[in-house]
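Report on one structure; see the data block that follows.
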Amino acid sequence: MLTTIERRQKIVLMTEENGKVNVKDLAKTFDISEVSIRHDLNELGKRGLVVRSRGGAIACDKLVKELSVKDKHNENYAVKVLLAKAVANLVDDGDSLIIDSGTTTEEVAKALTNKQDLTVMTNGLNIAHVLADIDDANVFMLGGQLRKKSMSFYSNEVEQALSKYNFKKVILGVDGIDPETGITTHYEPEAMLNRTMCTRADQVIAVTDSSKFGKRALYNVLPLKSIDVLVTDKNMPAEFVESLVALGIDVITV
């Protein structure tokens, strides 16, 4: 039997795929009461993950759809390369880094080729592959179970193991960034791992193109106030950038 969290995640995905859902069908699908389904939809509506409607819910246009790594590679590629170069400029020789999984962070790894004496830990299989070609980088791979859609590893044991390490910087990819919900991602275990990563680094560097602005994935990673640097492109709304600067966040645009 599904947990409440698992059921609600499936409801959001069903709403996203079909455009709308209704209470009666959901109650039959999950074999629970209509009262429980209404409570689920109300809670999801409060979080902005669905829009509550009479007798059901409709998809929220702010909710970003998860793409596979293969699909993500072609999305805003030129901007990702520029972002990666800007992030690489923040990395010093001798730094210790955690690099989050993702295609933008993969470009960051490619941009680190000329850095010396790096120590890098990652949960991204594609990122580890890139780092393997950098002669002067000491690379650690976080283990666990492979999630093929994101090409990333996760496990509870990995989160516990991270407590033994201290890093200078964590480079965090973004699935959604929103003034209210902060930084979000699609998969709960990855959100939990990301949060742990950020506690083990002196500086949190988030990197995202402006297309992720105003979008929400299902799980919260961090509130905006918890990041130190945001690297983004010049199309990020000016009022949002100003609000981040007011929080003491260093915003770098390309």
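Going by the structure tokens order, chains are called A, B, ..., each with residues numbered from 1, while ligands are numbered from 1 in the order shown.
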Test item: residues at most 7 Å from Cys198 of chain A, only C-alpha atoms, excluding those fewer than 4 positions along its chain, as an NGL selection string | :A and (170 or 194 or 204)
Only C-alpha atoms, please: the residues just picked out, written as an mmCIF file, in the first residue's frame.
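Output below, filename again-v9.cif:
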data_model
loop_
_atom_site.group_PDB
_atom_site.id
_atom_site.type_symbol
_atom_site.label_atom_id
_atom_site.label_comp_id
_atom_site.auth_asym_id
_atom_site.auth_seq_id
_atom_site.Cartn_x
_atom_site.Cartn_y
_atom_site.Cartn_z
ATOM 1 C CA VAL A 170 28.663 22.596 -3.457
ATOM 2 C CA ASN A 194 20.856 17.622 -1.964
ATOM 3 C CA VAL A 204 26.283 26.803 -1.768
#
Identify, with DSSP run on backbone atoms, the residues in segment 58-196 of chain A assigned to helix (DSSP H, G or I), and express the list as a PyMOL selection string.
-> chain A and resi 69-73+77-88+103-110+125-131+156-162+188-196
Quick one: everything within 9 Å of Pro179 of chain A, counting only C-alpha atoms, minus sequence neighbours fewer than 3 positions away in the same chain. Send it as a compact mmCIF listing (two decimals) with N, CA and C atoms, in the first residue's frame.
# COMPACT_ATOMS: atom_id res chain seq x y z
N GLY A 182 11.31 28.33 -3.25
CA GLY A 182 12.75 28.21 -3.30
C GLY A 182 13.20 27.24 -4.38
N ILE A 183 14.18 26.42 -4.06
CA ILE A 183 14.73 25.45 -5.02
C ILE A 183 14.04 24.11 -4.83
N PHE A 213 12.71 29.64 -13.75
CA PHE A 213 12.10 30.59 -12.82
C PHE A 213 10.57 30.45 -12.82
N GLY A 214 10.00 30.50 -11.62
CA GLY A 214 8.56 30.40 -11.48
C GLY A 214 8.04 28.99 -11.63
N PRO A 223 15.28 26.67 0.87
CA PRO A 223 14.74 28.03 0.69
C PRO A 223 15.81 28.90 0.06
N LEU A 224 15.41 29.95 -0.59
CA LEU A 224 16.37 30.81 -1.30
C LEU A 224 17.43 31.38 -0.37
N PHE A 240 13.23 39.64 -9.30
CA PHE A 240 13.63 38.44 -8.57
C PHE A 240 15.10 38.55 -8.18
N SER A 243 15.46 40.83 -5.29
CA SER A 243 15.03 40.22 -4.03
C SER A 243 16.11 39.30 -3.47
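Among the candidates A:Leu83, A:Met1, A:Ala57, A:Ile205, the one nearest to Leu222 of chain A when counting only C-alpha atoms is A:Ile205.
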What residues in segment 91-182 of chain A get the DSSP label strand (DSSP E)? Please answer as an NGL selection string.
-> :A and (96-99 or 118-122 or 137-141 or 145-147 or 152-154 or 167-173 or 176-178 or 182)
Would you mind exporting the chosen residues as a PDB file, in the first residue's frame, restricted to C-alpha atoms?
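Output contents, as saved in again-v6.pdb:
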ATOM      1  CA  SER A  96      37.112  20.563  -2.670  1.00  0.00           C
ATOM      2  CA  LEU A  97      33.705  20.364  -4.351  1.00  0.00           C
ATOM      3  CA  ILE A  98      30.444  18.476  -4.397  1.00  0.00           C
ATOM      4  CA  ILE A  99      28.803  18.578  -7.815  1.00  0.00           C
ATOM      5  CA  LEU A 118      40.713  19.476  -7.299  1.00  0.00           C
ATOM      6  CA  THR A 119      38.889  17.073  -5.020  1.00  0.00           C
ATOM      7  CA  VAL A 120      35.406  16.437  -6.381  1.00  0.00           C
ATOM      8  CA  MET A 121      32.557  14.285  -5.094  1.00  0.00           C
ATOM      9  CA  THR A 122      29.430  13.704  -7.200  1.00  0.00           C
ATOM     10  CA  ALA A 137      41.245  15.840 -10.115  1.00  0.00           C
ATOM     11  CA  ASN A 138      40.735  13.427  -7.253  1.00  0.00           C
ATOM     12  CA  VAL A 139      37.225  12.054  -7.877  1.00  0.00           C
ATOM     13  CA  PHE A 140      34.831  10.440  -5.397  1.00  0.00           C
ATOM     14  CA  MET A 141      31.603   8.813  -6.541  1.00  0.00           C
ATOM     15  CA  GLN A 145      20.905   3.022  -6.222  1.00  0.00           C
ATOM     16  CA  LEU A 146      21.049   4.436  -9.751  1.00  0.00           C
ATOM     17  CA  ARG A 147      18.032   6.439 -10.877  1.00  0.00           C
ATOM     18  CA  SER A 152      22.128   9.903 -10.340  1.00  0.00           C
ATOM     19  CA  PHE A 153      22.802   7.756  -7.298  1.00  0.00           C
ATOM     20  CA  TYR A 154      21.077   8.034  -3.937  1.00  0.00           C
ATOM     21  CA  PHE A 167      33.890  20.679   1.292  1.00  0.00           C
ATOM     22  CA  LYS A 168      34.594  24.234   0.210  1.00  0.00           C
ATOM     23  CA  LYS A 169      31.727  24.461  -2.270  1.00  0.00           C
ATOM     24  CA  VAL A 170      28.663  22.596  -3.457  1.00  0.00           C
ATOM     25  CA  ILE A 171      27.422  23.212  -7.005  1.00  0.00           C
ATOM     26  CA  LEU A 172      23.701  22.604  -7.036  1.00  0.00           C
ATOM     27  CA  GLY A 173      21.536  22.060 -10.110  1.00  0.00           C
ATOM     28  CA  GLY A 176      12.608  24.679 -10.355  1.00  0.00           C
ATOM     29  CA  ILE A 177      13.261  28.009  -8.629  1.00  0.00           C
ATOM     30  CA  ASP A 178      10.411  30.065  -7.265  1.00  0.00           C
ATOM     31  CA  GLY A 182      12.752  28.206  -3.295  1.00  0.00           C
TER      32      GLY A 182
END
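Atom CA of Gly124 of chain A is positioned 19.9 Å from atom CA of Val231 of chain A.
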Determine, using only C-alpha atoms, which residues of segment 202-228 of chain A have any atom at most 12 Å from an atom of segment 3-11 of chain A, and tabulate each with its shortest atom pair and distance in Å to one decimal place, rows ordered by chain and then rising number, as a Markdown table.
| residue | atom | partner | partner_atom | distance |
| --- | --- | --- | --- | --- |
| A:Ala217 | CA | A:Gln9 | CA | 10.6 |
| A:Leu218 | CA | A:Gln9 | CA | 7.3 |
| A:Tyr219 | CA | A:Gln9 | CA | 9.4 |
For atom CA of Gly55 of chain A and atom CA of Asp31 of chain A, determine how far apart the two atoms are, in Å to one decimal place.
-> 17.2 Å
Could you pull the residues within 9 Å of Met236 of chain A, counting only C-alpha atoms, minus those fewer than 4 positions along the same chain, as a PyMOL selection string?
-> chain A and resi 209-211+213+232+240-241+253
Write the residues you've just listed into a file as a PDB file, in the first residue's frame, and include C-alpha atoms for each of them.
ATOM      1  CA  ASP A 209      18.933  29.135 -16.606  1.00  0.00           C
ATOM      2  CA  SER A 210      16.012  31.553 -16.382  1.00  0.00           C
ATOM      3  CA  SER A 211      13.527  29.082 -17.903  1.00  0.00           C
ATOM      4  CA  PHE A 213      12.098  30.595 -12.822  1.00  0.00           C
ATOM      5  CA  THR A 232      21.905  32.432 -14.005  1.00  0.00           C
ATOM      6  CA  PHE A 240      13.634  38.438  -8.573  1.00  0.00           C
ATOM      7  CA  VAL A 241      17.359  39.188  -8.832  1.00  0.00           C
ATOM      8  CA  THR A 253      24.316  36.709 -14.670  1.00  0.00           C
TER       9      THR A 253
END
Within 12 Å of Lys110 of chain A, counting only C-alpha atoms, which residues qualify if same-chain residues fewer than 6 places away don't, as a ChimeraX atom specification?
-> /A:80-85,87-88,99,103-104,126-134
What separates atom CA of Ala206 of chain A and atom CA of Glu17 of chain A is a distance of 28.7 Å
For segment 228-230 of chain A, list every protein, DNA or RNA residue within 8 Å, evaluated using only C-alpha atoms, and leave out those in the same chain fewer than 3 positions away; present the list as an NGL selection string.
-> :A and (203-208 or 225 or 248-252)
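Proximity ranking of A:Arg54, A:Asp135, A:Asp100, A:Lys115 relative to Ala191 of chain A places A:Asp100 first, based on only C-alpha atoms.
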Quick one: residues within 9 Å of Gln116 of chain A, only C-alpha atoms, excluding same-chain residues fewer than 3 positions away - as an mmCIF file with N, CA and C atoms, in the first residue's frame?
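Saved the output as out-v2.cif:
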data_model
loop_
_atom_site.group_PDB
_atom_site.id
_atom_site.type_symbol
_atom_site.label_atom_id
_atom_site.label_comp_id
_atom_site.auth_asym_id
_atom_site.auth_seq_id
_atom_site.Cartn_x
_atom_site.Cartn_y
_atom_site.Cartn_z
ATOM 1 N N ASP A 92 38.469 27.573 -7.407
ATOM 2 C CA ASP A 92 39.904 27.837 -7.312
ATOM 3 C C ASP A 92 40.695 26.532 -7.369
ATOM 4 N N ASP A 93 41.926 26.628 -7.810
ATOM 5 C CA ASP A 93 42.819 25.470 -7.741
ATOM 6 C C ASP A 93 42.900 24.993 -6.282
ATOM 7 N N GLY A 94 42.847 23.695 -6.095
ATOM 8 C CA GLY A 94 42.935 23.135 -4.752
ATOM 9 C C GLY A 94 41.605 23.028 -4.032
ATOM 10 N N ASP A 95 40.526 23.456 -4.669
ATOM 11 C CA ASP A 95 39.213 23.406 -4.034
ATOM 12 C C ASP A 95 38.707 21.973 -3.850
ATOM 13 N N LEU A 112 35.861 22.575 -15.951
ATOM 14 C CA LEU A 112 36.902 22.540 -14.913
ATOM 15 C C LEU A 112 38.218 21.935 -15.399
ATOM 16 N N THR A 113 38.322 21.672 -16.686
ATOM 17 C CA THR A 113 39.468 20.955 -17.254
ATOM 18 C C THR A 113 40.814 21.555 -16.875
ATOM 19 N N ASP A 135 42.966 15.020 -15.476
ATOM 20 C CA ASP A 135 44.120 14.355 -14.856
ATOM 21 C C ASP A 135 44.370 14.809 -13.425
ATOM 22 N N ASP A 136 44.163 16.108 -13.174
ATOM 23 C CA ASP A 136 44.524 16.654 -11.864
ATOM 24 C C ASP A 136 43.303 16.814 -10.961
ATOM 25 N N ALA A 137 42.424 15.813 -10.990
ATOM 26 C CA ALA A 137 41.245 15.840 -10.115
ATOM 27 C C ALA A 137 41.131 14.515 -9.381
#
Residue nearest Thr105 of chain A among A:Glu157, A:Asp117, A:Asp175, A:Glu43 (counting only C-alpha atoms) | A:Asp175
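Closest to Tyr165 of chain A among A:Asp25, A:Asp202, A:Glu188, A:Glu16 is A:Asp202, based on only C-alpha atoms.
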